[in-house]
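Asks: I am sharing entry16.txt, which consists of compact mmCIF, N, CA and C atoms:
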# COMPACT_ATOMS: atom_id res chain seq x y z
N MET C 17 80.30 -22.08 -61.23
CA MET C 17 79.39 -22.22 -60.12
C MET C 17 79.96 -21.52 -58.89
N SER C 18 79.10 -20.90 -58.16
CA SER C 18 79.57 -20.24 -56.94
C SER C 18 79.31 -21.15 -55.74
N GLU C 19 80.26 -21.14 -54.87
CA GLU C 19 80.13 -21.97 -53.67
C GLU C 19 79.51 -21.14 -52.56
N SER C 20 78.71 -21.79 -51.77
CA SER C 20 78.14 -21.08 -50.64
C SER C 20 79.23 -20.93 -49.57
N PRO C 21 79.25 -19.80 -48.89
CA PRO C 21 80.30 -19.58 -47.89
C PRO C 21 80.14 -20.57 -46.73
N ARG C 22 81.29 -21.06 -46.29
CA ARG C 22 81.27 -21.98 -45.15
C ARG C 22 81.13 -21.18 -43.87
N THR C 23 80.39 -21.70 -42.96
CA THR C 23 80.29 -21.07 -41.65
C THR C 23 80.96 -21.96 -40.62
N LEU C 24 81.72 -21.35 -39.78
CA LEU C 24 82.39 -22.09 -38.72
C LEU C 24 81.43 -22.32 -37.56
N PRO C 25 81.58 -23.42 -36.88
CA PRO C 25 80.70 -23.65 -35.73
C PRO C 25 80.97 -22.61 -34.64
N THR C 26 79.94 -22.20 -33.97
CA THR C 26 80.11 -21.24 -32.88
C THR C 26 79.88 -21.95 -31.56
N PHE C 27 80.60 -21.51 -30.57
CA PHE C 27 80.50 -22.07 -29.23
C PHE C 27 80.03 -20.99 -28.28
N PRO C 28 79.35 -21.36 -27.22
CA PRO C 28 78.94 -20.35 -26.24
C PRO C 28 80.16 -19.67 -25.63
N VAL C 29 80.00 -18.41 -25.29
CA VAL C 29 81.10 -17.63 -24.72
C VAL C 29 81.62 -18.29 -23.44
N TRP C 30 80.72 -18.76 -22.61
CA TRP C 30 81.16 -19.35 -21.34
C TRP C 30 82.03 -20.58 -21.57
N ALA C 31 81.74 -21.34 -22.63
CA ALA C 31 82.54 -22.54 -22.92
C ALA C 31 83.95 -22.15 -23.36
N CYS C 32 84.05 -21.10 -24.16
CA CYS C 32 85.37 -20.64 -24.61
C CYS C 32 86.18 -20.10 -23.44
N ARG C 33 85.53 -19.35 -22.57
CA ARG C 33 86.22 -18.82 -21.39
C ARG C 33 86.67 -19.95 -20.47
N LEU C 34 85.82 -20.92 -20.28
CA LEU C 34 86.16 -22.06 -19.43
C LEU C 34 87.32 -22.85 -20.02
N LEU C 35 87.29 -23.08 -21.32
CA LEU C 35 88.38 -23.79 -21.97
C LEU C 35 89.70 -23.04 -21.85
N ALA C 36 89.66 -21.72 -22.06
CA ALA C 36 90.88 -20.91 -21.94
C ALA C 36 91.41 -20.96 -20.51
N ALA C 37 90.51 -20.84 -19.53
CA ALA C 37 90.94 -20.89 -18.12
C ALA C 37 91.53 -22.25 -17.78
N LEU C 38 90.91 -23.31 -18.25
CA LEU C 38 91.43 -24.65 -17.98
C LEU C 38 92.79 -24.88 -18.63
N LEU C 39 92.97 -24.39 -19.85
CA LEU C 39 94.26 -24.53 -20.51
C LEU C 39 95.36 -23.75 -19.80
N ILE C 40 95.04 -22.53 -19.38
CA ILE C 40 96.04 -21.71 -18.67
C ILE C 40 96.37 -22.33 -17.32
N LEU C 41 95.35 -22.70 -16.55
CA LEU C 41 95.60 -23.31 -15.25
C LEU C 41 96.28 -24.67 -15.38
N GLY C 42 95.91 -25.42 -16.41
CA GLY C 42 96.58 -26.70 -16.65
C GLY C 42 98.05 -26.51 -16.97
N SER C 43 98.35 -25.50 -17.76
CA SER C 43 99.75 -25.21 -18.08
C SER C 43 100.53 -24.84 -16.83
N VAL C 44 99.94 -24.00 -15.99
CA VAL C 44 100.60 -23.61 -14.74
C VAL C 44 100.78 -24.83 -13.84
N GLY C 45 99.75 -25.65 -13.73
CA GLY C 45 99.83 -26.84 -12.88
C GLY C 45 100.91 -27.82 -13.34
N LEU C 46 100.99 -28.02 -14.65
CA LEU C 46 102.01 -28.93 -15.18
C LEU C 46 103.42 -28.38 -14.95
N ARG C 47 103.58 -27.09 -15.13
CA ARG C 47 104.90 -26.49 -14.91
C ARG C 47 105.31 -26.56 -13.44
N VAL C 48 104.38 -26.24 -12.56
CA VAL C 48 104.68 -26.31 -11.12
C VAL C 48 104.97 -27.75 -10.72
N GLY C 49 104.18 -28.69 -11.23
CA GLY C 49 104.43 -30.09 -10.93
C GLY C 49 105.80 -30.55 -11.42
N TYR C 50 106.17 -30.11 -12.61
CA TYR C 50 107.49 -30.47 -13.13
C TYR C 50 108.60 -29.88 -12.25
N LEU C 51 108.44 -28.63 -11.86
CA LEU C 51 109.48 -27.98 -11.05
C LEU C 51 109.59 -28.60 -9.66
N THR C 52 108.49 -29.08 -9.11
CA THR C 52 108.55 -29.61 -7.76
C THR C 52 108.89 -31.10 -7.71
N HIS C 53 108.60 -31.85 -8.75
CA HIS C 53 108.79 -33.30 -8.67
C HIS C 53 109.80 -33.88 -9.65
N ASP C 54 109.81 -33.40 -10.88
CA ASP C 54 110.57 -34.10 -11.91
C ASP C 54 111.74 -33.30 -12.48
N CYS C 55 111.97 -32.11 -12.04
CA CYS C 55 112.98 -31.27 -12.68
C CYS C 55 114.39 -31.68 -12.25
N PRO C 56 115.16 -32.27 -13.17
CA PRO C 56 116.51 -32.70 -12.83
C PRO C 56 117.54 -31.59 -13.03
N LEU C 57 117.11 -30.43 -13.49
CA LEU C 57 118.04 -29.38 -13.89
C LEU C 57 118.32 -28.40 -12.77
N ASP C 58 119.59 -28.07 -12.61
CA ASP C 58 119.95 -26.98 -11.72
C ASP C 58 119.64 -25.66 -12.42
N LEU C 59 119.85 -24.58 -11.71
CA LEU C 59 119.65 -23.28 -12.33
C LEU C 59 120.63 -23.10 -13.48
N SER C 60 120.13 -22.49 -14.55
CA SER C 60 121.02 -22.18 -15.67
C SER C 60 121.92 -21.01 -15.25
N PRO C 61 122.99 -20.75 -15.99
CA PRO C 61 123.85 -19.62 -15.62
C PRO C 61 123.09 -18.29 -15.54
N ASP C 62 122.16 -18.05 -16.47
CA ASP C 62 121.39 -16.81 -16.42
C ASP C 62 120.50 -16.75 -15.18
N GLU C 63 119.81 -17.86 -14.89
CA GLU C 63 118.95 -17.89 -13.71
C GLU C 63 119.76 -17.67 -12.44
N ALA C 64 120.92 -18.29 -12.35
CA ALA C 64 121.76 -18.10 -11.16
C ALA C 64 122.25 -16.66 -11.07
N HIS C 65 122.54 -16.05 -12.20
CA HIS C 65 122.99 -14.65 -12.21
C HIS C 65 121.87 -13.74 -11.73
N TYR C 66 120.66 -13.95 -12.23
CA TYR C 66 119.52 -13.13 -11.80
C TYR C 66 119.20 -13.39 -10.33
N TRP C 67 119.36 -14.62 -9.87
CA TRP C 67 119.13 -14.92 -8.46
C TRP C 67 120.14 -14.16 -7.60
N ASP C 68 121.38 -14.10 -8.06
CA ASP C 68 122.40 -13.33 -7.34
C ASP C 68 122.02 -11.85 -7.30
N TRP C 69 121.48 -11.34 -8.40
CA TRP C 69 121.00 -9.97 -8.39
C TRP C 69 119.91 -9.80 -7.33
N SER C 70 119.02 -10.77 -7.21
CA SER C 70 117.90 -10.64 -6.27
C SER C 70 118.38 -10.62 -4.82
N ARG C 71 119.56 -11.14 -4.57
CA ARG C 71 120.10 -11.11 -3.21
C ARG C 71 120.74 -9.76 -2.90
N HIS C 72 121.01 -8.96 -3.93
CA HIS C 72 121.62 -7.64 -3.78
C HIS C 72 120.83 -6.66 -4.65
N LEU C 73 119.64 -6.28 -4.19
CA LEU C 73 118.76 -5.44 -5.00
C LEU C 73 119.37 -4.07 -5.24
N ASP C 74 119.11 -3.55 -6.44
CA ASP C 74 119.60 -2.24 -6.82
C ASP C 74 118.58 -1.62 -7.77
N TRP C 75 118.80 -0.35 -8.12
CA TRP C 75 117.89 0.33 -9.03
C TRP C 75 118.02 -0.16 -10.45
N SER C 76 119.18 -0.59 -10.82
CA SER C 76 119.41 -1.09 -12.17
C SER C 76 120.67 -1.94 -12.18
N TYR C 77 120.82 -2.73 -13.23
CA TYR C 77 121.99 -3.58 -13.38
C TYR C 77 122.61 -3.29 -14.74
N TYR C 78 123.80 -3.74 -14.96
CA TYR C 78 124.54 -3.35 -16.15
C TYR C 78 123.89 -3.79 -17.46
N SER C 79 123.09 -4.84 -17.44
CA SER C 79 122.52 -5.31 -18.70
C SER C 79 120.99 -5.28 -18.74
N LYS C 80 120.34 -5.15 -17.61
CA LYS C 80 118.87 -5.17 -17.57
C LYS C 80 118.37 -4.27 -16.45
N GLY C 81 117.07 -4.02 -16.50
CA GLY C 81 116.44 -3.30 -15.41
C GLY C 81 116.25 -4.21 -14.21
N PRO C 82 115.69 -3.68 -13.14
CA PRO C 82 115.63 -4.43 -11.89
C PRO C 82 114.44 -5.37 -11.73
N LEU C 83 113.50 -5.41 -12.67
CA LEU C 83 112.27 -6.18 -12.45
C LEU C 83 112.54 -7.67 -12.26
N VAL C 84 113.44 -8.23 -13.02
CA VAL C 84 113.75 -9.67 -12.88
C VAL C 84 114.23 -9.96 -11.46
N ALA C 85 115.11 -9.12 -10.96
CA ALA C 85 115.63 -9.33 -9.61
C ALA C 85 114.53 -9.19 -8.56
N TYR C 86 113.65 -8.19 -8.75
CA TYR C 86 112.56 -8.00 -7.78
C TYR C 86 111.59 -9.17 -7.80
N LEU C 87 111.27 -9.69 -8.99
CA LEU C 87 110.36 -10.83 -9.08
C LEU C 87 110.96 -12.07 -8.41
N ILE C 88 112.24 -12.32 -8.67
CA ILE C 88 112.88 -13.48 -8.05
C ILE C 88 112.98 -13.30 -6.55
N ARG C 89 113.26 -12.09 -6.09
CA ARG C 89 113.31 -11.83 -4.64
C ARG C 89 111.94 -12.10 -4.03
N GLY C 90 110.87 -11.68 -4.71
CA GLY C 90 109.52 -11.95 -4.21
C GLY C 90 109.22 -13.43 -4.17
N GLY C 91 109.61 -14.16 -5.22
CA GLY C 91 109.40 -15.61 -5.24
C GLY C 91 110.15 -16.30 -4.12
N CYS C 92 111.39 -15.86 -3.87
CA CYS C 92 112.18 -16.46 -2.80
C CYS C 92 111.63 -16.09 -1.42
N ALA C 93 111.13 -14.86 -1.28
CA ALA C 93 110.57 -14.45 0.00
C ALA C 93 109.29 -15.21 0.32
N LEU C 94 108.45 -15.42 -0.69
CA LEU C 94 107.17 -16.09 -0.46
C LEU C 94 107.28 -17.62 -0.41
N PHE C 95 108.12 -18.18 -1.26
CA PHE C 95 108.15 -19.64 -1.40
C PHE C 95 109.52 -20.25 -1.13
N GLY C 96 110.48 -19.45 -0.69
CA GLY C 96 111.83 -19.96 -0.47
C GLY C 96 111.91 -21.04 0.58
N ALA C 97 111.27 -20.82 1.72
CA ALA C 97 111.32 -21.82 2.80
C ALA C 97 110.64 -23.12 2.35
N TRP C 98 109.49 -22.99 1.69
CA TRP C 98 108.79 -24.19 1.20
C TRP C 98 109.65 -24.91 0.16
N SER C 99 110.26 -24.14 -0.72
CA SER C 99 111.10 -24.72 -1.77
C SER C 99 112.28 -25.49 -1.17
N GLU C 100 112.93 -24.90 -0.20
CA GLU C 100 114.06 -25.59 0.42
C GLU C 100 113.63 -26.84 1.17
N GLN C 101 112.46 -26.77 1.81
CA GLN C 101 111.98 -27.91 2.58
C GLN C 101 111.53 -29.07 1.69
N HIS C 102 110.87 -28.76 0.56
CA HIS C 102 110.27 -29.82 -0.26
C HIS C 102 111.10 -30.21 -1.49
N THR C 103 111.97 -29.33 -1.95
CA THR C 103 112.74 -29.65 -3.15
C THR C 103 114.24 -29.60 -2.90
N ALA C 104 114.64 -29.35 -1.68
CA ALA C 104 116.05 -29.32 -1.29
C ALA C 104 116.85 -28.25 -2.02
N GLY C 105 116.22 -27.13 -2.31
CA GLY C 105 116.93 -26.03 -2.96
C GLY C 105 115.98 -24.89 -3.26
N LEU C 106 116.52 -23.80 -3.76
CA LEU C 106 115.72 -22.62 -4.08
C LEU C 106 115.30 -22.56 -5.55
N ALA C 107 115.62 -23.56 -6.34
CA ALA C 107 115.34 -23.49 -7.77
C ALA C 107 113.85 -23.27 -8.04
N PHE C 108 112.98 -23.92 -7.29
CA PHE C 108 111.53 -23.73 -7.48
C PHE C 108 111.14 -22.28 -7.24
N ALA C 109 111.61 -21.70 -6.14
CA ALA C 109 111.26 -20.32 -5.81
C ALA C 109 111.84 -19.34 -6.81
N VAL C 110 113.01 -19.64 -7.35
CA VAL C 110 113.63 -18.77 -8.35
C VAL C 110 112.87 -18.83 -9.66
N ARG C 111 112.38 -20.00 -10.03
CA ARG C 111 111.70 -20.17 -11.32
C ARG C 111 110.21 -19.87 -11.27
N LEU C 112 109.62 -19.81 -10.11
CA LEU C 112 108.18 -19.59 -10.00
C LEU C 112 107.72 -18.27 -10.62
N PRO C 113 108.44 -17.16 -10.47
CA PRO C 113 107.99 -15.94 -11.15
C PRO C 113 107.91 -16.09 -12.68
N ALA C 114 108.76 -16.90 -13.27
CA ALA C 114 108.68 -17.13 -14.71
C ALA C 114 107.40 -17.88 -15.07
N VAL C 115 106.99 -18.80 -14.20
CA VAL C 115 105.73 -19.52 -14.43
C VAL C 115 104.55 -18.55 -14.35
N ALA C 116 104.58 -17.66 -13.35
CA ALA C 116 103.50 -16.67 -13.20
C ALA C 116 103.47 -15.72 -14.40
N CYS C 117 104.62 -15.28 -14.86
CA CYS C 117 104.67 -14.40 -16.03
C CYS C 117 104.20 -15.12 -17.28
N GLY C 118 104.50 -16.40 -17.40
CA GLY C 118 104.01 -17.19 -18.53
C GLY C 118 102.49 -17.29 -18.52
N ALA C 119 101.91 -17.46 -17.34
CA ALA C 119 100.44 -17.53 -17.23
C ALA C 119 99.82 -16.17 -17.59
N LEU C 120 100.45 -15.08 -17.14
CA LEU C 120 99.94 -13.75 -17.51
C LEU C 120 100.05 -13.51 -19.01
N LEU C 121 101.11 -14.02 -19.61
CA LEU C 121 101.25 -13.89 -21.07
C LEU C 121 100.13 -14.66 -21.78
N LEU C 122 99.84 -15.88 -21.36
CA LEU C 122 98.76 -16.65 -21.98
C LEU C 122 97.41 -15.95 -21.81
N LEU C 123 97.17 -15.39 -20.63
CA LEU C 123 95.94 -14.64 -20.39
C LEU C 123 95.86 -13.41 -21.30
N SER C 124 96.97 -12.73 -21.46
CA SER C 124 97.01 -11.54 -22.32
C SER C 124 96.73 -11.91 -23.78
N VAL C 125 97.28 -13.00 -24.24
CA VAL C 125 97.03 -13.45 -25.62
C VAL C 125 95.55 -13.78 -25.80
N TYR C 126 94.94 -14.42 -24.80
CA TYR C 126 93.52 -14.73 -24.88
C TYR C 126 92.69 -13.45 -24.96
N VAL C 127 92.98 -12.49 -24.08
CA VAL C 127 92.21 -11.23 -24.08
C VAL C 127 92.39 -10.49 -25.40
N LEU C 128 93.61 -10.44 -25.91
CA LEU C 128 93.85 -9.77 -27.19
C LEU C 128 93.10 -10.47 -28.32
N THR C 129 93.08 -11.78 -28.31
CA THR C 129 92.36 -12.53 -29.34
C THR C 129 90.86 -12.23 -29.29
N VAL C 130 90.31 -12.17 -28.10
CA VAL C 130 88.88 -11.85 -27.95
C VAL C 130 88.60 -10.45 -28.46
N GLN C 131 89.45 -9.49 -28.14
CA GLN C 131 89.24 -8.11 -28.59
C GLN C 131 89.32 -8.00 -30.11
N VAL C 132 90.29 -8.66 -30.72
CA VAL C 132 90.42 -8.62 -32.18
C VAL C 132 89.22 -9.27 -32.83
N ASP C 133 88.76 -10.39 -32.28
CA ASP C 133 87.59 -11.07 -32.84
C ASP C 133 86.35 -10.20 -32.74
N ARG C 134 86.17 -9.52 -31.63
CA ARG C 134 85.01 -8.64 -31.48
C ARG C 134 85.05 -7.50 -32.50
N GLN C 135 86.21 -6.91 -32.71
CA GLN C 135 86.33 -5.85 -33.71
C GLN C 135 86.03 -6.38 -35.10
N ARG C 136 86.51 -7.57 -35.39
CA ARG C 136 86.27 -8.18 -36.70
C ARG C 136 84.78 -8.42 -36.90
N GLN C 137 84.10 -8.87 -35.85
CA GLN C 137 82.66 -9.12 -35.97
C GLN C 137 81.88 -7.83 -36.13
N ARG C 138 82.31 -6.76 -35.43
CA ARG C 138 81.61 -5.48 -35.55
C ARG C 138 81.73 -4.91 -36.96
N ARG C 139 82.85 -5.12 -37.59
CA ARG C 139 83.07 -4.60 -38.94
C ARG C 139 82.43 -5.46 -40.00
N GLY C 140 81.95 -6.60 -39.61
CA GLY C 140 81.29 -7.49 -40.57
C GLY C 140 82.27 -8.33 -41.37
N CYS C 141 83.48 -8.41 -40.93
CA CYS C 141 84.47 -9.24 -41.63
C CYS C 141 84.18 -10.70 -41.34
N ASP C 142 84.16 -11.48 -42.36
CA ASP C 142 83.93 -12.91 -42.16
C ASP C 142 85.15 -13.74 -42.51
N GLY C 143 86.27 -13.08 -42.77
CA GLY C 143 87.48 -13.82 -43.03
C GLY C 143 87.64 -14.28 -44.46
N GLN C 144 86.71 -13.93 -45.34
CA GLN C 144 86.79 -14.34 -46.74
C GLN C 144 87.19 -13.16 -47.59
N ARG C 145 87.83 -13.45 -48.71
CA ARG C 145 88.27 -12.38 -49.61
C ARG C 145 87.47 -12.38 -50.87
Could you quickly redo this structure as C-alpha cells?
Replies:
Amino acid sequence: MSESPRTLPTFPVWACRLLAALLILGSVGLRVGYLTHDCPLDLSPDEAHYWDWSRHLDWSYYSKGPLVAYLIRGGCALFGAWSEQHTAGLAFAVRLPAVACGALLLLSVYVLTVQVDRQRQRRGCDGQR
C-alpha cells in the first residue's frame, strides 16, 4: 500500500517573521539583562586581553585582526560611562559588542533559512525521497 504524502502545516509569512524577531530580540534582552543584573563573572583572560587591545588601537595584532578591538572600543565609547555607573565596571560595555554580533548572527541564519526554503519551493522539492 502506498501512503499519502504528509503535508506540514503552513503559517503566514508575517507570523514567521514576527516569531523570528521576537526570538532574536528576546535573546538580546535576556543577555543584556544577565550582563547588567546577574552576571557574577569578571572578564575572562581573552576578554581582558581584547579590551587592552581596544585601549591601544592598531592596524593589526599578533594573533588577530583589529575588528575585535575596534568593536570593544566602540562599545566602551558608547556605553562605558553607563556601564561604570550602573554595573560598577566596564564588563558590560566590553561584552555588549558580542551580544550585538550574536544578534546579527541569528538574523543571518534566519535570512539564509528563508532563502534556502524559497529555492527549495521554486524547484518543487518537498523534502521526500
Asks: Atom N of Cys92 (chain C) and CA of Arg111 (chain C), how far apart in Å?
Replies: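 Between these atoms lies a distance of 8.6 Å.
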Asks: For atom N of Leu87 (chain C) and CA of Ser70 (chain C), quote the distance in Å rounded to one decimal.
Replies: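 Calculated distance between atom N of Leu87 (chain C) and CA of Ser70 (chain C) is 7.2 Å.
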Asks: Centre and edge lengths, as JSON, for the axis-aligned box enclosing every listed atom of region 31-45 of chain C with 6 Å of padding on each of the six sides, in Å to one decimal?
Replies:
{"center_x": 91.3, "center_y": -23.3, "center_z": -18.7, "size_x": 31.2, "size_y": 21.0, "size_z": 23.7}
Asks: Quick one: distance from atom C of Val110 (chain C) to atom C of Ala37 (chain C) in Å, one decimal?
Replies: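 A separation of 23.1 Å between them.
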Asks: Just want the 12 Å neighbourhood of Gly49 (chain C), counted on only C-alpha atoms, with same-chain residues fewer than 4 positions away dropped. Output as a list in words.
Replies: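 My list of contacting residues is Leu41, Gly42, Ser43, Val44, Gly45, His53, Asp54, Cys55, Thr103, Phe108, Leu112 and Val115 of chain C.
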Asks: Identify which of the residues C:Gln131, C:Asp62, C:Gly118, C:Trp69 lies closest to Gly81 (chain C), counting only C-alpha atoms when measuring atom-to-atom distances.
Replies: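 Looking only at the distances to Gly81 (chain C), the closest residue turns out to be C:Trp69.
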Asks: So that I can check the surroundings of region 26-33 of chain C, please list as a list in words every protein, DNA and RNA residue that reaches within 10 Å of it, counting only C-alpha atoms and ignoring chain neighbours fewer than 4 positions away.
Replies: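 Listing them by chain and then by number gives Ala37, Leu38, Leu39, Tyr126 and Val130 of chain C.
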